[in-house]
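This is upload_13.txt (compact mmCIF, C-alpha atoms).
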```txt
# COMPACT_ATOMS: atom_id res chain seq x y z
CA MET D 22 0.00 0.00 0.00
CA THR D 23 1.42 3.37 -1.00
CA LEU D 24 1.41 6.08 1.65
CA LEU D 25 1.22 8.89 -0.85
CA HIS D 26 -0.82 8.83 -4.02
CA THR D 27 1.39 10.16 -6.77
CA ALA D 28 1.35 10.06 -10.53
CA SER D 29 2.97 7.02 -12.07
CA THR D 30 6.70 7.36 -12.30
CA PRO D 31 9.26 4.82 -13.44
CA SER D 32 11.05 4.79 -10.09
CA VAL D 33 9.51 5.82 -6.79
CA ASN D 34 11.67 6.55 -3.78
CA PRO D 35 9.63 5.34 -0.76
CA TRP D 36 11.74 7.44 1.63
CA ARG D 37 10.89 10.59 -0.35
CA GLU D 38 7.19 9.76 0.00
CA PHE D 39 7.72 9.17 3.71
CA GLU D 40 9.46 12.54 4.09
CA LEU D 41 6.60 14.24 2.26
CA LEU D 42 4.11 12.72 4.69
CA PHE D 43 5.97 13.02 7.97
CA GLY D 44 9.06 15.11 7.35
CA ALA D 45 7.63 18.58 7.86
CA ALA D 46 10.49 20.91 8.64
CA PRO D 47 10.65 22.02 12.25
CA GLU D 48 9.65 25.60 12.90
CA ARG D 49 12.03 28.08 14.45
CA ALA D 50 12.17 27.19 18.12
CA ALA D 51 14.55 27.11 21.05
CA TRP D 52 15.19 23.42 20.42
CA THR D 53 13.99 20.63 18.17
CA PRO D 54 13.22 17.23 19.68
CA ALA D 55 14.03 14.14 17.64
CA PHE D 56 11.18 11.87 16.47
CA ASP D 57 11.25 8.36 15.01
CA VAL D 58 8.35 7.40 12.76
CA THR D 59 7.53 3.74 12.12
CA GLU D 60 4.66 1.93 10.46
CA THR D 61 2.83 -1.29 11.27
CA ASP D 62 -0.01 -2.94 9.37
CA THR D 63 -2.56 -1.11 11.53
CA ALA D 64 -0.91 2.16 12.61
CA TYR D 65 1.83 4.75 12.34
CA VAL D 66 3.88 5.14 15.51
CA LEU D 67 5.90 8.21 16.49
CA HIS D 68 8.43 8.23 19.34
CA GLY D 69 9.72 11.65 20.40
CA ASP D 70 12.59 12.31 22.80
CA LEU D 71 11.37 14.93 25.28
CA PRO D 72 13.64 14.53 28.32
CA GLY D 73 13.09 16.77 31.30
CA LEU D 74 9.44 17.50 30.54
CA THR D 75 6.28 16.55 32.38
CA GLN D 76 2.99 15.59 30.76
CA LYS D 77 1.71 19.11 31.50
CA ASP D 78 4.58 20.59 29.44
CA ILE D 79 3.47 18.78 26.24
CA GLU D 80 0.58 19.59 23.89
CA VAL D 81 -0.48 17.27 21.06
CA ARG D 82 -3.00 18.64 18.57
CA ILE D 83 -4.45 17.63 15.19
CA GLU D 84 -5.89 20.29 12.90
CA ASP D 85 -6.56 19.94 9.18
CA ASP D 86 -4.55 16.71 8.88
CA VAL D 87 -1.50 18.24 10.60
CA LEU D 88 -0.24 16.74 13.84
CA THR D 89 1.49 19.32 16.04
CA VAL D 90 3.56 18.46 19.10
CA SER D 91 4.61 21.49 21.11
CA GLY D 92 5.71 22.42 24.57
CA GLU D 93 8.38 23.96 26.69
CA ARG D 94 11.39 22.68 28.58
CA LYS D 95 12.21 24.87 31.57
CA ALA D 96 15.80 25.90 32.30
CA LEU D 97 17.33 24.32 35.37
CA PRO D 98 17.35 26.71 38.31
CA SER D 99 20.80 27.96 39.22
CA GLU D 100 22.09 27.17 42.67
CA GLY D 101 24.20 29.91 44.25
CA LYS D 102 26.99 31.39 42.19
CA GLN D 103 27.42 29.22 39.14
CA GLN D 104 29.20 29.92 35.91
CA ALA D 105 28.06 28.02 32.84
CA LEU D 106 30.96 26.12 31.31
CA ARG D 107 29.02 24.13 28.73
CA LEU D 108 25.29 24.16 28.04
CA ARG D 109 24.12 21.38 25.72
CA ARG D 110 20.56 20.96 26.99
CA PRO D 111 18.61 23.83 25.47
CA ALA D 112 15.53 25.09 27.25
CA GLY D 113 12.54 26.91 25.86
CA MET D 114 9.68 26.36 23.46
CA PHE D 115 9.56 23.72 20.74
CA ARG D 116 7.08 22.78 18.01
CA ARG D 117 7.13 19.89 15.53
CA ARG D 118 4.53 19.45 12.80
CA PHE D 119 3.78 16.32 10.79
CA THR D 120 1.44 16.22 7.80
CA LEU D 121 -0.75 13.14 8.15
CA PRO D 122 -1.86 10.92 5.27
CA ASP D 123 -5.61 10.48 4.79
CA THR D 124 -5.25 6.90 6.06
CA VAL D 125 -4.83 8.13 9.66
CA ASN D 126 -7.88 7.80 11.88
CA SER D 127 -7.40 11.09 13.72
CA GLU D 128 -10.36 10.42 16.04
CA ASN D 129 -8.52 7.52 17.74
CA VAL D 130 -4.97 8.82 18.17
CA HIS D 131 -3.42 7.75 21.47
CA ALA D 132 -0.58 9.57 23.26
CA SER D 133 1.51 8.34 26.19
CA TYR D 134 4.60 9.71 27.90
CA THR D 135 7.03 7.49 29.80
CA ASN D 136 10.64 8.07 30.86
CA GLY D 137 11.07 11.15 28.67
CA VAL D 138 9.66 9.54 25.51
CA LEU D 139 6.38 10.62 23.94
CA LYS D 140 4.67 7.80 22.04
CA LEU D 141 1.92 8.61 19.55
CA LEU D 142 -0.13 5.79 18.08
CA LEU D 143 -1.94 6.86 14.90
CA PRO D 144 -4.32 4.08 13.82
CA LYS D 145 -4.94 3.53 10.13
CA GLN D 146 -8.27 3.59 8.34
CA GLU D 147 -9.35 3.13 4.76
CA SER D 148 -8.13 5.92 2.52
CA VAL D 149 -10.65 8.70 2.02
CA ASP D 150 -11.03 9.98 -1.54
CA ARG D 151 -11.14 13.76 -1.27
CA SER D 152 -11.09 14.43 -4.98
CA ARG D 153 -14.07 16.04 -6.66
CA ILE D 154 -15.00 17.56 -9.96
CA ILE D 155 -15.55 21.31 -9.98
CA THR D 156 -18.16 22.57 -12.41
CA VAL D 157 -16.91 25.47 -14.49
CA SER D 158 -19.53 28.17 -14.96
```

Give the structure from the file, written as structure tokens.
Amino acid sequence: MTLLHTASTPSVNPWREFELLFGAAPERAAWTPAFDVTETDTAYVLHGDLPGLTQKDIEVRIEDDVLTVSGERKALPSEGKQQALRLRRPAGMFRRRFTLPDTVNSENVHASYTNGVLKLLLPKQESVDRSRIITVS
């Protein structure tokens, strides 16, 4: 089953199709969490590394076939007089967007967060044909 309906071409790169579906470029943010995207027969599964956050720090939203994961990682409070020698754990806002194929059942998406990893289960459904003929007047 093809994830993206495209015109017939002699050679189709399945990774390019995958990037078109899920590889939306991250928006400008303080930091960009990494996400893995996998597929099973019945669902797409996303795992996002969000260390140092709580469930309250994370928002998952679907609007117009776009899945948005956003939130904020707070800076660690400083203790006494400290001088930063190396800061590799950025704090601040983040936002990742993923364009969903029409085979995702967005009404039954499940999100869980354990040990700093956000897991999103996006169940599949039959593809919905959204094409239509427009009458020219």

- Message: Taking 5 positions as the minimum chain separation for residues in the same chain, which residues sit within 12 Å of D:Leu97 when counting only C-alpha atoms? Answer as a ChimeraX atom specification.
- Response: /D:73-74,103,105,108,110-113

Now that the selection is made, can you save its residues with C-alpha atoms as a compact mmCIF listing (two decimals), keeping the file's coordinate frame?
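Output file selection.txt is given in full below:
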```txt
# COMPACT_ATOMS: atom_id res chain seq x y z
CA GLY D 73 13.09 16.77 31.30
CA LEU D 74 9.44 17.50 30.54
CA GLN D 103 27.42 29.22 39.14
CA ALA D 105 28.06 28.02 32.84
CA LEU D 108 25.29 24.16 28.04
CA ARG D 110 20.56 20.96 26.99
CA PRO D 111 18.61 23.83 25.47
CA ALA D 112 15.53 25.09 27.25
CA GLY D 113 12.54 26.91 25.86
```

- Task: Name the residues in contact with D:Thr61 at a cut-off of 12 Å, using all atoms listed in the file, excluding same-chain residues fewer than 6 positions from it; report them as number ranges by chain.
- Result: D: 22, 67, 142-145

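Taking atom CA of D:Arg94 as the reference point, atom CA of D:Asn129 is found at 27.3 Å.
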
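With distances taken over only C-alpha atoms, D:Tyr134 is the one residue among D:Asp57, D:Trp52, D:Tyr134, D:Pro122 lying closest to D:Lys77.
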
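Of note, atom CA of D:Ala96 and atom CA of D:Val58 are spaced 27.9 Å apart.
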
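Checking D:Arg116, D:Tyr65, D:Glu60, D:Pro72 one by one against D:Val138, counting all atoms listed in the file, you find the shortest gap at D:Pro72.
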
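In this model, the gap between atom CA of D:Ser127 and atom CA of D:Ala55 comes to 22.0 Å.
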
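Between D:Val130 and the candidates D:Gln146, D:Leu71, D:Arg109, D:Ile79, the tightest atom-to-atom separation, counting only C-alpha atoms, involves D:Gln146.
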
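Distances from D:Gln76, D:Ser158, D:Asn126, D:Thr89 to D:Leu139 were compared using all atoms listed in the file, and the smallest one belongs to D:Gln76.
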
- Looking at D:Asp70, D:Asp150, D:Asp86, D:Glu100, which one is nearest to D:Leu121, with distances taken over only C-alpha atoms? D:Asp86

- Radius query 8 Å about (5.3, 15.6, 14.5), atoms used: all atoms listed in the file, as a list in words: Phe43, Ala45, Phe56, Leu67, Leu88, Thr89, Val90, Arg117, Arg118, Phe119 and Thr120 of chain D

Tell me, as a PDB file with C-alpha atoms, in the frame of the given file, which residues lie within 6 Å of D:Gly92, counting all atoms listed in the file; anything in the same chain fewer than 6 positions away does not count.
```pdb
ATOM      1  CA  ASP D  78       4.580  20.590  29.440  1.00  0.00           C
ATOM      2  CA  ILE D  79       3.470  18.780  26.240  1.00  0.00           C
ATOM      3  CA  GLU D  80       0.580  19.590  23.890  1.00  0.00           C
ATOM      4  CA  MET D 114       9.680  26.360  23.460  1.00  0.00           C
ATOM      5  CA  PHE D 115       9.560  23.720  20.740  1.00  0.00           C
TER       6      PHE D 115
END
```

For stretch 49-68 of chain D, supply N, CA and C atoms and report the output as a compact mmCIF listing (two decimals), in the coordinates of the input.
```
# COMPACT_ATOMS: atom_id res chain seq x y z
N ARG D 49 11.01 27.44 13.62
CA ARG D 49 12.03 28.08 14.45
C ARG D 49 11.62 27.97 15.91
N ALA D 50 12.47 27.41 16.70
CA ALA D 50 12.17 27.19 18.12
C ALA D 50 13.48 27.17 18.89
N ALA D 51 13.36 27.15 20.21
CA ALA D 51 14.55 27.11 21.05
C ALA D 51 15.30 25.79 20.88
N TRP D 52 14.57 24.73 20.64
CA TRP D 52 15.19 23.42 20.42
C TRP D 52 14.24 22.55 19.62
N THR D 53 14.77 21.50 19.03
CA THR D 53 13.99 20.63 18.17
C THR D 53 14.15 19.19 18.63
N PRO D 54 13.11 18.62 19.24
CA PRO D 54 13.22 17.23 19.68
C PRO D 54 13.23 16.27 18.49
N ALA D 55 13.94 15.17 18.67
CA ALA D 55 14.03 14.14 17.64
C ALA D 55 12.81 13.22 17.72
N PHE D 56 12.29 12.80 16.56
CA PHE D 56 11.18 11.87 16.47
C PHE D 56 11.52 10.74 15.51
N ASP D 57 11.21 9.51 15.91
CA ASP D 57 11.25 8.36 15.01
C ASP D 57 9.83 8.11 14.55
N VAL D 58 9.66 7.73 13.29
CA VAL D 58 8.35 7.40 12.76
C VAL D 58 8.43 6.00 12.16
N THR D 59 7.57 5.11 12.64
CA THR D 59 7.53 3.74 12.12
C THR D 59 6.10 3.43 11.69
N GLU D 60 5.96 2.34 10.97
CA GLU D 60 4.66 1.93 10.46
C GLU D 60 4.45 0.44 10.71
N THR D 61 3.25 0.10 11.16
CA THR D 61 2.83 -1.29 11.27
C THR D 61 1.69 -1.50 10.28
N ASP D 62 1.13 -2.69 10.26
CA ASP D 62 -0.01 -2.94 9.37
C ASP D 62 -1.23 -2.12 9.76
N THR D 63 -1.34 -1.76 11.04
CA THR D 63 -2.56 -1.11 11.53
C THR D 63 -2.36 0.33 11.99
N ALA D 64 -1.11 0.82 12.07
CA ALA D 64 -0.91 2.16 12.61
C ALA D 64 0.45 2.73 12.22
N TYR D 65 0.55 4.05 12.36
CA TYR D 65 1.83 4.75 12.34
C TYR D 65 2.18 5.02 13.80
N VAL D 66 3.46 4.93 14.13
CA VAL D 66 3.88 5.14 15.51
C VAL D 66 5.01 6.16 15.51
N LEU D 67 4.87 7.20 16.33
CA LEU D 67 5.90 8.21 16.49
C LEU D 67 6.44 8.13 17.91
N HIS D 68 7.76 8.17 18.04
CA HIS D 68 8.43 8.23 19.34
C HIS D 68 9.26 9.51 19.34
```
